[in-house]
Amino acid sequence: MWDFRNKVAVAGVGYSKLERRSDRTLAALTLEACDAALADAGLRRSDLDGIATSPAMPRYGGRKGVDEGIDVVTPWYLAGLLGRASGVQWIGSTNGMVTQSLIDGALAIIGGLCDHVLVYRALHVPEGRYVNFESSHAVGSDQYLAPYGFSMPPAWAAVVLRRYFELYGYERSDFAHYIANNRANAQLNPNAYWRGKPMAAEDYPGARMIADPISILDCDIPVDGCCALILTSAERARHLRRPPALLTGFAASAWQGAGGTPMNMEDMWDGAKDVAPRLWDATGMSPADVDTAQLYDGFSVLVLTWLEGMGFCRDGEGLAFLRDGHGDLGGRLPINTGGGALGEGRLHGMTQLAEAVAQVTDRASERQVPGAAHSLATISNGLAKSTAFLFSRDG
Amino acid sequence: MPDSMVPQRPLPLPDPLSEPFWAGARRHELHMRKCDACGILAYPPEIACRACGGSEARFVPVSGRATLHSWTVLHEPPSPGFRDRLPVILAVVELEEQARLLMSANLVDIAPGDLRIGLPLETRFEDVTDDCTLVQFAPAER
Ligand SMILES: [Zn+2]
């Protein structure tokens with residue numbers, strides 16, 4: 001077991017408004033989320049001495065935005081905006097994903113580098129279509145994909161979901177209950193982009209196809225916005241405004257898998273199945289201890305590979321589990337209780353972290369899983385850069 | 001619209017690592033990079049072997065025989081050059097030489113309704129320009 005289990009905690013959570021396209025700058029939205037997280041924890045900007053994120057703007061084809069404050073908000077830029085350019089002791093800027101920033105931040109606290117770390121993800125929706133390969137030539141890894149039209153992530157997810165359907169005898173209608181119920185969870189989440197816009201299971205089969213069988217309802221929506229978390233030691237967190245969400249442990253994937261396609265179902269399982277035993281070893285827990293699971297759902301199919309890869313269901317049985325309602329609030333394992341990224345908007349895993357924190361601190365109001373002691377959060381697709389965390393209730 | 005105005009699909013821009021692969025395609029041959037140390041085939045070509053870390057490798061011809069691993073059908077163009085090519089069948093194929101040796105390509109000469117996992121396939125080389133040939137797949141003609 002990890003020596004530092006339950007020694008670091010999330011003490012505050014803050015969101016900016018999440019909008020399809022905001023008329024405010026990303027810098028302004030980031031400050032809104034950071035100040036909200038500080039206020040939630042009962043801290044001030046002057047208490048911050050660590051900042052971490054993965055600031056890259058994801059875009060497939062077209063121009064990758066690099067303008068500070070518009071397309072990205074780097075931690076060194078944010079330190080200045082917060083008036084902490086000289087007060088910050090540690091900055092983490094992680095290649096890969098923001099959830100690795102959470103690991104870095106926890107280790108910085110354990111290592112005594114700083115006391116209060118802000119971990120945030122700021123995302124901007126660029127002009128034009130989000131995925132549209134406009135270049136006349138494809139270089140690097142794109143040269144094996146874009147000439148065939150395989151330049152967009154929904155298509156990468158589609159080949160995984162197609163293979164899953166074909167091998168285990170499912171069809172799209174089997175996903176309808178989960179997708180609609182997930183949207184219902186989002187109705188109970190004040191931060192969710194899709195709050196106020198419920199859908200019925202009957203809306204799912206006819207939804208606009210992006211890459212068959214991945215429809216618009218199987219993809220998270222890109223939003224302008226930011227989510228921020230405050231990390232501190234569990235000891236300090238106990239004296240702050242909110243109950244602490246204890247970080248019991250984490251594990252990260254380095255599984256690259258086969259080349260030739262960015263996502264392959266068997267490799268995503270293998271990656272998750274490599275992460276799972278390390279997470280359970282680090283935490284001293286098992287799937288049976290998890291009261292609610294926040295499983296990354298940038299694409300719907302990822303919920304299946306995580307559900308199976310982490311050991312909650314056997315391979316191929318995850319969709320039946322969801323279809324039969326076992327992932328609903330009140331089900332055997334409530335999943336993505338706040339609506340996940342499909343309901344909340346694209347925040348690259350911050351959604352899963354924030355919801356796990358809410359559940360183990362009794363802050364999930366109408367969507368609270370009663371008495372939830374342990375919540376799992378898994379992020380990305382199981383392949384390299386993916387992460388899994390277990391958060392626990394204090395006391 | 002004059003030909004020069006018709007948007008093209010993005011074309012591969014070969015680099016030192018990939019040039020032998022694309023040169024093979026221009027000759028209508030499929031070549032894969034094979035690790036000298038452990039014999040594992042890699043696609044796309046890698047500077048170091050993912051299986052053993054070895055950095056010595058050479059391109060070897062492979063059969064081009066494959067099976068359909070999975071697919072998706074696109075009804076909207078993934079980029080402007082696909083506008084006149086819809087629906088696009090995007091396939092992931094597994095080459096017969098090695099488990100999980102996967103390639104992405106388009107499937108030609110088959111209707112979306114006839115696709116199934118395990119379908120035997122073979123290469124079809126598509127000469128796009130004088131300098132560029134894409135490796136596509138079609139149902140194997142036994
Ligand atoms: Zn090797």
# chains A, B, ... in the order shown; residues from 1 in each chain; ligands from 1
call {"tool": "residues_around", "arguments": {"residues": "range 73-79 of chain B", "least_positions_apart": "3", "cutoff": "8 Å", "atoms": "only C-alpha atoms", "output": "PyMOL selection string"}}
result
(chain A and resi 131-134+149-152+209-212) or (chain B and resi 9+82-83+85-90+112)
call {"tool": "interface_residues", "arguments": {"of": "chain B", "to": "chain A", "cutoff": "6 Å", "atoms": "only C-alpha atoms", "output": "count of residues only"}}
result
19
call {"tool": "residues_near_ligand", "arguments": {"ligand": "ligand 1", "cutoff": "12 Å", "atoms": "only C-alpha atoms and all ligand atoms", "output": "VMD selection string"}}
result
chain B and resid 33 to 42 46 to 58
call {"tool": "write_last_selection", "arguments": {"atoms": "N, CA and C atoms", "output": "compact mmCIF listing (two decimals), in the first residue's frame"}}
result
# COMPACT_ATOMS: atom_id res chain seq x y z
N ARG B 33 8.22 -2.42 -41.00
CA ARG B 33 9.53 -2.35 -40.36
C ARG B 33 9.65 -3.50 -39.36
N LYS B 34 10.75 -4.24 -39.50
CA LYS B 34 10.95 -5.43 -38.68
C LYS B 34 12.19 -5.25 -37.82
N CYS B 35 12.03 -5.51 -36.54
CA CYS B 35 13.14 -5.35 -35.59
C CYS B 35 14.18 -6.46 -35.83
N ASP B 36 15.43 -6.04 -35.97
CA ASP B 36 16.50 -7.02 -36.17
C ASP B 36 16.66 -7.93 -34.95
N ALA B 37 16.45 -7.38 -33.78
CA ALA B 37 16.74 -8.13 -32.56
C ALA B 37 15.66 -9.16 -32.24
N CYS B 38 14.39 -8.76 -32.30
CA CYS B 38 13.34 -9.67 -31.85
C CYS B 38 12.38 -10.09 -32.95
N GLY B 39 12.51 -9.47 -34.11
CA GLY B 39 11.69 -9.91 -35.24
C GLY B 39 10.27 -9.38 -35.27
N ILE B 40 9.93 -8.51 -34.33
CA ILE B 40 8.57 -7.96 -34.30
C ILE B 40 8.39 -6.94 -35.43
N LEU B 41 7.23 -7.03 -36.08
CA LEU B 41 6.88 -6.07 -37.11
C LEU B 41 6.16 -4.88 -36.48
N ALA B 42 6.45 -3.68 -37.00
CA ALA B 42 5.82 -2.48 -36.44
C ALA B 42 5.15 -1.68 -37.54
N GLU B 46 8.69 2.58 -36.46
CA GLU B 46 9.12 3.21 -35.20
C GLU B 46 10.64 3.34 -35.22
N ILE B 47 11.17 4.36 -34.55
CA ILE B 47 12.63 4.49 -34.49
C ILE B 47 13.23 3.46 -33.55
N ALA B 48 12.46 3.01 -32.55
CA ALA B 48 12.95 1.95 -31.67
C ALA B 48 11.81 0.94 -31.51
N CYS B 49 12.18 -0.30 -31.36
CA CYS B 49 11.19 -1.37 -31.25
C CYS B 49 10.43 -1.25 -29.93
N ARG B 50 9.11 -1.24 -30.02
CA ARG B 50 8.30 -1.12 -28.80
C ARG B 50 8.35 -2.40 -27.98
N ALA B 51 8.71 -3.50 -28.62
CA ALA B 51 8.72 -4.77 -27.89
C ALA B 51 10.02 -4.96 -27.11
N CYS B 52 11.16 -4.50 -27.69
CA CYS B 52 12.43 -4.80 -27.03
C CYS B 52 13.35 -3.60 -26.92
N GLY B 53 12.97 -2.47 -27.53
CA GLY B 53 13.81 -1.28 -27.45
C GLY B 53 14.91 -1.24 -28.49
N GLY B 54 15.02 -2.29 -29.27
CA GLY B 54 16.08 -2.34 -30.29
C GLY B 54 15.93 -1.23 -31.31
N SER B 55 17.03 -0.68 -31.76
CA SER B 55 16.95 0.42 -32.71
C SER B 55 17.39 0.02 -34.12
N GLU B 56 17.81 -1.22 -34.27
CA GLU B 56 18.16 -1.70 -35.61
C GLU B 56 16.94 -2.40 -36.20
N ALA B 57 16.53 -1.94 -37.36
CA ALA B 57 15.35 -2.52 -37.99
C ALA B 57 15.45 -2.31 -39.49
N ARG B 58 14.73 -3.13 -40.24
CA ARG B 58 14.71 -2.94 -41.70
C ARG B 58 13.29 -3.20 -42.19
call {"tool": "residues_around", "arguments": {"residues": "range 276-290 of chain A", "least_positions_apart": "4", "cutoff": "8 Å", "atoms": "only C-alpha atoms", "output": "PyMOL selection string"}}
result
chain A and resi 1-2+5+248-251+272+309-312+333+373-376+388-390
call {"tool": "write_last_selection", "arguments": {"atoms": "N, CA and C atoms", "output": "PDB file, in the first residue's frame"}}
result
ATOM      1  N   MET A   1       0.838  -1.205   0.000  1.00  0.00           N
ATOM      2  CA  MET A   1       0.000   0.000   0.000  1.00  0.00           C
ATOM      3  C   MET A   1       0.868   1.248   0.000  1.00  0.00           C
ATOM      4  N   TRP A   2       0.296   2.288  -0.565  1.00  0.00           N
ATOM      5  CA  TRP A   2       0.993   3.562  -0.655  1.00  0.00           C
ATOM      6  C   TRP A   2       1.151   4.159   0.750  1.00  0.00           C
ATOM      7  N   ARG A   5      -1.244   7.147   1.643  1.00  0.00           N
ATOM      8  CA  ARG A   5      -2.693   7.082   1.400  1.00  0.00           C
ATOM      9  C   ARG A   5      -3.431   7.926   2.428  1.00  0.00           C
ATOM     10  N   THR A 248      -6.852   8.550  -1.585  1.00  0.00           N
ATOM     11  CA  THR A 248      -6.385   7.275  -1.030  1.00  0.00           C
ATOM     12  C   THR A 248      -5.258   6.688  -1.863  1.00  0.00           C
ATOM     13  N   GLY A 249      -5.317   6.891  -3.160  1.00  0.00           N
ATOM     14  CA  GLY A 249      -4.245   6.397  -4.018  1.00  0.00           C
ATOM     15  C   GLY A 249      -4.551   6.630  -5.471  1.00  0.00           C
ATOM     16  N   PHE A 250      -3.585   6.334  -6.296  1.00  0.00           N
ATOM     17  CA  PHE A 250      -3.737   6.543  -7.731  1.00  0.00           C
ATOM     18  C   PHE A 250      -2.848   5.558  -8.465  1.00  0.00           C
ATOM     19  N   ALA A 251      -3.104   5.423  -9.758  1.00  0.00           N
ATOM     20  CA  ALA A 251      -2.228   4.650 -10.639  1.00  0.00           C
ATOM     21  C   ALA A 251      -2.331   5.251 -12.027  1.00  0.00           C
ATOM     22  N   ALA A 272      -6.201  -0.615 -18.925  1.00  0.00           N
ATOM     23  CA  ALA A 272      -7.001  -0.496 -17.702  1.00  0.00           C
ATOM     24  C   ALA A 272      -6.688  -1.647 -16.742  1.00  0.00           C
ATOM     25  N   GLY A 309     -12.375  -3.096 -17.538  1.00  0.00           N
ATOM     26  CA  GLY A 309     -10.947  -3.116 -17.244  1.00  0.00           C
ATOM     27  C   GLY A 309     -10.647  -2.987 -15.758  1.00  0.00           C
ATOM     28  N   MET A 310     -11.477  -2.226 -15.026  1.00  0.00           N
ATOM     29  CA  MET A 310     -11.228  -2.043 -13.594  1.00  0.00           C
ATOM     30  C   MET A 310     -11.789  -3.195 -12.769  1.00  0.00           C
ATOM     31  N   GLY A 311     -12.465  -4.123 -13.418  1.00  0.00           N
ATOM     32  CA  GLY A 311     -12.863  -5.338 -12.720  1.00  0.00           C
ATOM     33  C   GLY A 311     -14.281  -5.346 -12.176  1.00  0.00           C
ATOM     34  N   PHE A 312     -15.128  -4.425 -12.623  1.00  0.00           N
ATOM     35  CA  PHE A 312     -16.513  -4.429 -12.150  1.00  0.00           C
ATOM     36  C   PHE A 312     -17.380  -5.407 -12.935  1.00  0.00           C
ATOM     37  N   LEU A 333     -23.891   0.016  -8.788  1.00  0.00           N
ATOM     38  CA  LEU A 333     -22.700   0.869  -8.835  1.00  0.00           C
ATOM     39  C   LEU A 333     -23.051   2.145  -9.604  1.00  0.00           C
ATOM     40  N   ALA A 373     -18.539   6.102   0.684  1.00  0.00           N
ATOM     41  CA  ALA A 373     -17.260   6.191   1.399  1.00  0.00           C
ATOM     42  C   ALA A 373     -16.085   6.245   0.432  1.00  0.00           C
ATOM     43  N   HIS A 374     -16.205   5.583  -0.709  1.00  0.00           N
ATOM     44  CA  HIS A 374     -15.099   5.530  -1.669  1.00  0.00           C
ATOM     45  C   HIS A 374     -15.639   5.757  -3.078  1.00  0.00           C
ATOM     46  N   SER A 375     -15.007   6.665  -3.783  1.00  0.00           N
ATOM     47  CA  SER A 375     -15.374   6.871  -5.185  1.00  0.00           C
ATOM     48  C   SER A 375     -14.145   6.732  -6.061  1.00  0.00           C
ATOM     49  N   LEU A 376     -14.310   5.944  -7.105  1.00  0.00           N
ATOM     50  CA  LEU A 376     -13.261   5.792  -8.110  1.00  0.00           C
ATOM     51  C   LEU A 376     -13.426   6.880  -9.160  1.00  0.00           C
ATOM     52  N   ALA A 388      -6.059   6.648 -12.787  1.00  0.00           N
ATOM     53  CA  ALA A 388      -7.186   6.222 -11.950  1.00  0.00           C
ATOM     54  C   ALA A 388      -6.903   6.667 -10.522  1.00  0.00           C
ATOM     55  N   PHE A 389      -7.933   7.149  -9.864  1.00  0.00           N
ATOM     56  CA  PHE A 389      -7.810   7.672  -8.495  1.00  0.00           C
ATOM     57  C   PHE A 389      -8.899   7.067  -7.622  1.00  0.00           C
ATOM     58  N   LEU A 390      -8.578   6.892  -6.352  1.00  0.00           N
ATOM     59  CA  LEU A 390      -9.614   6.540  -5.397  1.00  0.00           C
ATOM     60  C   LEU A 390      -9.666   7.626  -4.325  1.00  0.00           C
TER      61      LEU A 390
END
call {"tool": "select_by_dssp", "arguments": {"residues": "range 153-264 of chain A", "states": "strand (DSSP E)", "output": "list in words"}}
result
Met209, Ile210, Ala211, Ile214, Ser215, Gly225, Cys226, Cys227, Ala228, Leu229, Ile230, Leu231, Thr232, Ser233, Ala245, Leu246, Leu247, Thr248, Gly249, Phe250, Ala251 and Ala252 of chain A
call {"tool": "write_last_selection", "arguments": {"atoms": "N, CA and C atoms", "output": "mmCIF file, in the first residue's frame"}}
result
data_model
loop_
_atom_site.group_PDB
_atom_site.id
_atom_site.type_symbol
_atom_site.label_atom_id
_atom_site.label_comp_id
_atom_site.auth_asym_id
_atom_site.auth_seq_id
_atom_site.Cartn_x
_atom_site.Cartn_y
_atom_site.Cartn_z
ATOM 1 N N MET A 209 -25.392 10.799 -36.551
ATOM 2 C CA MET A 209 -24.169 10.006 -36.540
ATOM 3 C C MET A 209 -22.959 10.884 -36.831
ATOM 4 N N ILE A 210 -21.925 10.718 -36.029
ATOM 5 C CA ILE A 210 -20.648 11.384 -36.305
ATOM 6 C C ILE A 210 -19.737 10.398 -37.028
ATOM 7 N N ALA A 211 -19.602 9.219 -36.446
ATOM 8 C CA ALA A 211 -18.833 8.132 -37.060
ATOM 9 C C ALA A 211 -19.520 6.861 -36.558
ATOM 10 N N ILE A 214 -20.801 5.863 -33.398
ATOM 11 C CA ILE A 214 -20.688 6.979 -32.455
ATOM 12 C C ILE A 214 -21.529 8.151 -32.978
ATOM 13 N N SER A 215 -22.545 8.517 -32.196
ATOM 14 C CA SER A 215 -23.422 9.627 -32.576
ATOM 15 C C SER A 215 -23.043 10.854 -31.765
ATOM 16 N N GLY A 225 -14.457 26.933 -20.751
ATOM 17 C CA GLY A 225 -14.653 26.928 -19.317
ATOM 18 C C GLY A 225 -13.487 26.340 -18.573
ATOM 19 N N CYS A 226 -13.640 26.292 -17.267
ATOM 20 C CA CYS A 226 -12.549 25.842 -16.409
ATOM 21 C C CYS A 226 -13.125 25.202 -15.147
ATOM 22 N N CYS A 227 -12.433 24.162 -14.697
ATOM 23 C CA CYS A 227 -12.717 23.573 -13.388
ATOM 24 C C CYS A 227 -11.407 23.562 -12.611
ATOM 25 N N ALA A 228 -11.467 23.910 -11.338
ATOM 26 C CA ALA A 228 -10.257 23.984 -10.513
ATOM 27 C C ALA A 228 -10.475 23.248 -9.199
ATOM 28 N N LEU A 229 -9.423 22.600 -8.726
ATOM 29 C CA LEU A 229 -9.435 21.906 -7.435
ATOM 30 C C LEU A 229 -8.328 22.483 -6.562
ATOM 31 N N ILE A 230 -8.554 22.508 -5.258
ATOM 32 C CA ILE A 230 -7.510 22.889 -4.313
ATOM 33 C C ILE A 230 -7.062 21.637 -3.565
ATOM 34 N N LEU A 231 -5.759 21.377 -3.663
ATOM 35 C CA LEU A 231 -5.165 20.249 -2.944
ATOM 36 C C LEU A 231 -4.393 20.763 -1.745
ATOM 37 N N THR A 232 -4.486 20.046 -0.652
ATOM 38 C CA THR A 232 -3.651 20.365 0.501
ATOM 39 C C THR A 232 -3.488 19.085 1.318
ATOM 40 N N SER A 233 -2.746 19.180 2.402
ATOM 41 C CA SER A 233 -2.610 17.979 3.219
ATOM 42 C C SER A 233 -3.941 17.703 3.914
ATOM 43 N N ALA A 245 -11.858 15.586 0.896
ATOM 44 C CA ALA A 245 -11.959 14.347 0.116
ATOM 45 C C ALA A 245 -10.561 13.770 0.074
ATOM 46 N N LEU A 246 -10.362 12.650 0.768
ATOM 47 C CA LEU A 246 -9.013 12.099 0.919
ATOM 48 C C LEU A 246 -8.581 11.360 -0.341
ATOM 49 N N LEU A 247 -7.363 11.659 -0.779
ATOM 50 C CA LEU A 247 -6.796 10.924 -1.916
ATOM 51 C C LEU A 247 -6.172 9.646 -1.361
ATOM 52 N N THR A 248 -6.852 8.550 -1.585
ATOM 53 C CA THR A 248 -6.385 7.275 -1.030
ATOM 54 C C THR A 248 -5.258 6.688 -1.863
ATOM 55 N N GLY A 249 -5.317 6.891 -3.160
ATOM 56 C CA GLY A 249 -4.245 6.397 -4.018
ATOM 57 C C GLY A 249 -4.551 6.630 -5.471
ATOM 58 N N PHE A 250 -3.585 6.334 -6.296
ATOM 59 C CA PHE A 250 -3.737 6.543 -7.731
ATOM 60 C C PHE A 250 -2.848 5.558 -8.465
ATOM 61 N N ALA A 251 -3.104 5.423 -9.758
ATOM 62 C CA ALA A 251 -2.228 4.650 -10.639
ATOM 63 C C ALA A 251 -2.331 5.251 -12.027
ATOM 64 N N ALA A 252 -1.252 5.133 -12.785
ATOM 65 C CA ALA A 252 -1.221 5.729 -14.123
ATOM 66 C C ALA A 252 -0.798 4.676 -15.139
#
call {"tool": "residues_around", "arguments": {"residues": "Arg195 in chain A", "least_positions_apart": "2", "cutoff": "9 Å", "atoms": "only C-alpha atoms", "output": "number ranges by chain"}}
result
A: 183-193, 197-198, 343-344
call {"tool": "residues_around", "arguments": {"residues": "Leu82 in chain A", "least_positions_apart": "6", "cutoff": "9 Å", "atoms": "only C-alpha atoms", "output": "list in words"}}
result
Leu31, Cys34, Asp35, Arg45 and Ser46 of chain A
call {"tool": "write_last_selection", "arguments": {"atoms": "N, CA and C atoms", "output": "PDB file, in the first residue's frame"}}
result
ATOM      1  N   LEU A  31      -9.846  32.424 -14.027  1.00  0.00           N
ATOM      2  CA  LEU A  31      -9.838  33.132 -12.734  1.00  0.00           C
ATOM      3  C   LEU A  31     -11.140  32.893 -11.982  1.00  0.00           C
ATOM      4  N   CYS A  34     -10.885  29.441 -10.442  1.00  0.00           N
ATOM      5  CA  CYS A  34      -9.872  29.372  -9.382  1.00  0.00           C
ATOM      6  C   CYS A  34     -10.349  30.100  -8.131  1.00  0.00           C
ATOM      7  N   ASP A  35     -10.922  31.267  -8.321  1.00  0.00           N
ATOM      8  CA  ASP A  35     -11.433  32.003  -7.158  1.00  0.00           C
ATOM      9  C   ASP A  35     -12.580  31.239  -6.496  1.00  0.00           C
ATOM     10  N   ARG A  45      -6.268  33.962  -2.345  1.00  0.00           N
ATOM     11  CA  ARG A  45      -5.217  33.822  -3.358  1.00  0.00           C
ATOM     12  C   ARG A  45      -3.835  33.777  -2.702  1.00  0.00           C
ATOM     13  N   SER A  46      -3.668  34.537  -1.636  1.00  0.00           N
ATOM     14  CA  SER A  46      -2.349  34.611  -1.002  1.00  0.00           C
ATOM     15  C   SER A  46      -1.949  33.304  -0.325  1.00  0.00           C
TER      16      SER A  46
END
call {"tool": "atom_distance", "arguments": {"atom1": "CA of Val92 in chain B", "atom2": "CA of Leu30 in chain B"}}
result
15.7 Å
call {"tool": "select_by_dssp", "arguments": {"residues": "range 157-241 of chain A", "states": "helix (DSSP H, G or I)", "output": "MDAnalysis selection string"}}
result
chainID A and resid 157:168 172:186 201:203 216:218 234:237
call {"tool": "write_last_selection", "arguments": {"atoms": "N, CA and C atoms", "output": "compact mmCIF listing (two decimals), in the first residue's frame"}}
result
# COMPACT_ATOMS: atom_id res chain seq x y z
N ALA A 157 -12.94 6.23 -31.63
CA ALA A 157 -13.83 5.60 -30.65
C ALA A 157 -14.84 4.69 -31.35
N ALA A 158 -15.22 5.07 -32.54
CA ALA A 158 -16.24 4.31 -33.27
C ALA A 158 -15.76 2.89 -33.58
N VAL A 159 -14.50 2.74 -33.95
CA VAL A 159 -14.04 1.38 -34.28
C VAL A 159 -14.00 0.51 -33.02
N VAL A 160 -13.81 1.14 -31.87
CA VAL A 160 -13.84 0.38 -30.62
C VAL A 160 -15.27 -0.07 -30.31
N LEU A 161 -16.20 0.87 -30.41
CA LEU A 161 -17.59 0.52 -30.09
C LEU A 161 -18.15 -0.47 -31.11
N ARG A 162 -17.77 -0.32 -32.39
CA ARG A 162 -18.23 -1.26 -33.41
C ARG A 162 -17.74 -2.67 -33.08
N ARG A 163 -16.47 -2.79 -32.73
CA ARG A 163 -15.93 -4.11 -32.43
C ARG A 163 -16.62 -4.71 -31.20
N TYR A 164 -16.87 -3.87 -30.21
CA TYR A 164 -17.56 -4.32 -29.00
C TYR A 164 -18.95 -4.85 -29.36
N PHE A 165 -19.69 -4.07 -30.12
CA PHE A 165 -21.03 -4.50 -30.54
C PHE A 165 -20.97 -5.84 -31.28
N GLU A 166 -20.05 -5.93 -32.24
CA GLU A 166 -20.00 -7.12 -33.10
C GLU A 166 -19.60 -8.36 -32.31
N LEU A 167 -18.61 -8.22 -31.41
CA LEU A 167 -18.12 -9.40 -30.70
C LEU A 167 -19.10 -9.89 -29.65
N TYR A 168 -19.87 -8.96 -29.06
CA TYR A 168 -20.72 -9.37 -27.94
C TYR A 168 -22.21 -9.29 -28.26
N ARG A 172 -26.93 -0.48 -30.97
CA ARG A 172 -26.94 0.85 -30.36
C ARG A 172 -28.06 1.01 -29.34
N SER A 173 -29.20 0.41 -29.60
CA SER A 173 -30.33 0.61 -28.68
C SER A 173 -30.00 0.12 -27.27
N ASP A 174 -29.03 -0.78 -27.14
CA ASP A 174 -28.64 -1.26 -25.81
C ASP A 174 -27.99 -0.16 -24.97
N PHE A 175 -27.49 0.88 -25.64
CA PHE A 175 -26.83 1.98 -24.92
C PHE A 175 -27.83 3.08 -24.52
N ALA A 176 -29.05 3.00 -25.05
CA ALA A 176 -29.99 4.12 -24.90
C ALA A 176 -30.32 4.41 -23.43
N HIS A 177 -30.50 3.36 -22.65
CA HIS A 177 -30.87 3.60 -21.25
C HIS A 177 -29.77 4.37 -20.52
N TYR A 178 -28.54 3.92 -20.69
CA TYR A 178 -27.43 4.58 -19.99
C TYR A 178 -27.30 6.04 -20.42
N ILE A 179 -27.35 6.27 -21.72
CA ILE A 179 -27.14 7.63 -22.24
C ILE A 179 -28.24 8.57 -21.71
N ALA A 180 -29.47 8.11 -21.71
CA ALA A 180 -30.57 8.96 -21.25
C ALA A 180 -30.50 9.14 -19.73
N ASN A 181 -30.16 8.07 -19.03
CA ASN A 181 -30.06 8.17 -17.57
C ASN A 181 -28.91 9.09 -17.17
N ASN A 182 -27.83 9.03 -17.93
CA ASN A 182 -26.69 9.91 -17.67
C ASN A 182 -27.11 11.37 -17.83
N ARG A 183 -27.90 11.63 -18.86
CA ARG A 183 -28.40 12.99 -19.06
C ARG A 183 -29.31 13.39 -17.89
N ALA A 184 -30.05 12.43 -17.36
CA ALA A 184 -30.90 12.71 -16.20
C ALA A 184 -30.03 13.08 -15.00
N ASN A 185 -28.89 12.39 -14.83
CA ASN A 185 -27.96 12.76 -13.75
C ASN A 185 -27.49 14.21 -13.92
N ALA A 186 -27.23 14.60 -15.17
CA ALA A 186 -26.76 15.97 -15.43
C ALA A 186 -27.79 17.01 -15.01
N ALA A 201 -34.71 8.13 -23.74
CA ALA A 201 -34.00 7.00 -24.36
C ALA A 201 -34.39 6.85 -25.83
N GLU A 202 -35.61 7.26 -26.17
CA GLU A 202 -36.05 7.13 -27.56
C GLU A 202 -35.33 8.10 -28.49
N ASP A 203 -34.71 9.14 -27.89
CA ASP A 203 -33.98 10.11 -28.72
C ASP A 203 -32.64 9.54 -29.20
N ILE A 216 -23.72 11.94 -32.05
CA ILE A 216 -23.48 13.18 -31.32
C ILE A 216 -23.73 12.97 -29.82
N LEU A 217 -24.62 12.04 -29.46
CA LEU A 217 -24.93 11.81 -28.05
C LEU A 217 -23.89 10.90 -27.37
N ASP A 218 -22.94 10.39 -28.14
CA ASP A 218 -21.85 9.57 -27.58
C ASP A 218 -20.57 10.37 -27.39
N ALA A 234 -4.18 16.44 4.21
CA ALA A 234 -5.41 16.08 4.89
C ALA A 234 -5.50 16.82 6.24
N GLU A 235 -4.35 16.96 6.90
CA GLU A 235 -4.34 17.66 8.20
C GLU A 235 -4.84 19.08 8.08
N ARG A 236 -4.26 19.83 7.11
CA ARG A 236 -4.70 21.22 6.93
C ARG A 236 -6.15 21.26 6.46
N ALA A 237 -6.51 20.33 5.59
CA ALA A 237 -7.88 20.35 5.03
C ALA A 237 -8.92 20.22 6.14
call {"tool": "residues_around", "arguments": {"residues": "range 90-105 of chain A", "least_positions_apart": "2", "cutoff": "10 Å", "atoms": "only C-alpha atoms", "output": "number ranges by chain"}}
result
A: 8, 10, 48-56, 74-76, 79, 87-88, 107-111, 113-122, 229-232, 247, 249-252, 347-350, 352-353, 378-380, 384-389
call {"tool": "residues_around", "arguments": {"residues": "Glu126 in chain B", "least_positions_apart": "4", "cutoff": "7 Å", "atoms": "only C-alpha atoms", "output": "JSON, numbers by chain"}}
result
{"B": [133, 134, 135, 136]}
call {"tool": "closest_residue", "arguments": {"among": "A:Arg393, A:Lys7, A:Lys273, A:Arg208", "to": "Asn381 in chain A", "atoms": "only C-alpha atoms"}}
result
A:Lys273
call {"tool": "atom_distance", "arguments": {"atom1": "CA of His69 in chain B", "atom2": "CA of Ile335 in chain A"}}
result
29.4 Å
call {"tool": "atom_distance", "arguments": {"atom1": "CA of Leu307 in chain A", "atom2": "CA of Leu101 in chain B"}}
result
25.9 Å
call {"tool": "closest_residue", "arguments": {"among": "A:Gly12, A:Gly318, A:Gly395, A:Pro58", "to": "Trp306 in chain A", "atoms": "only C-alpha atoms"}}
result
A:Gly318
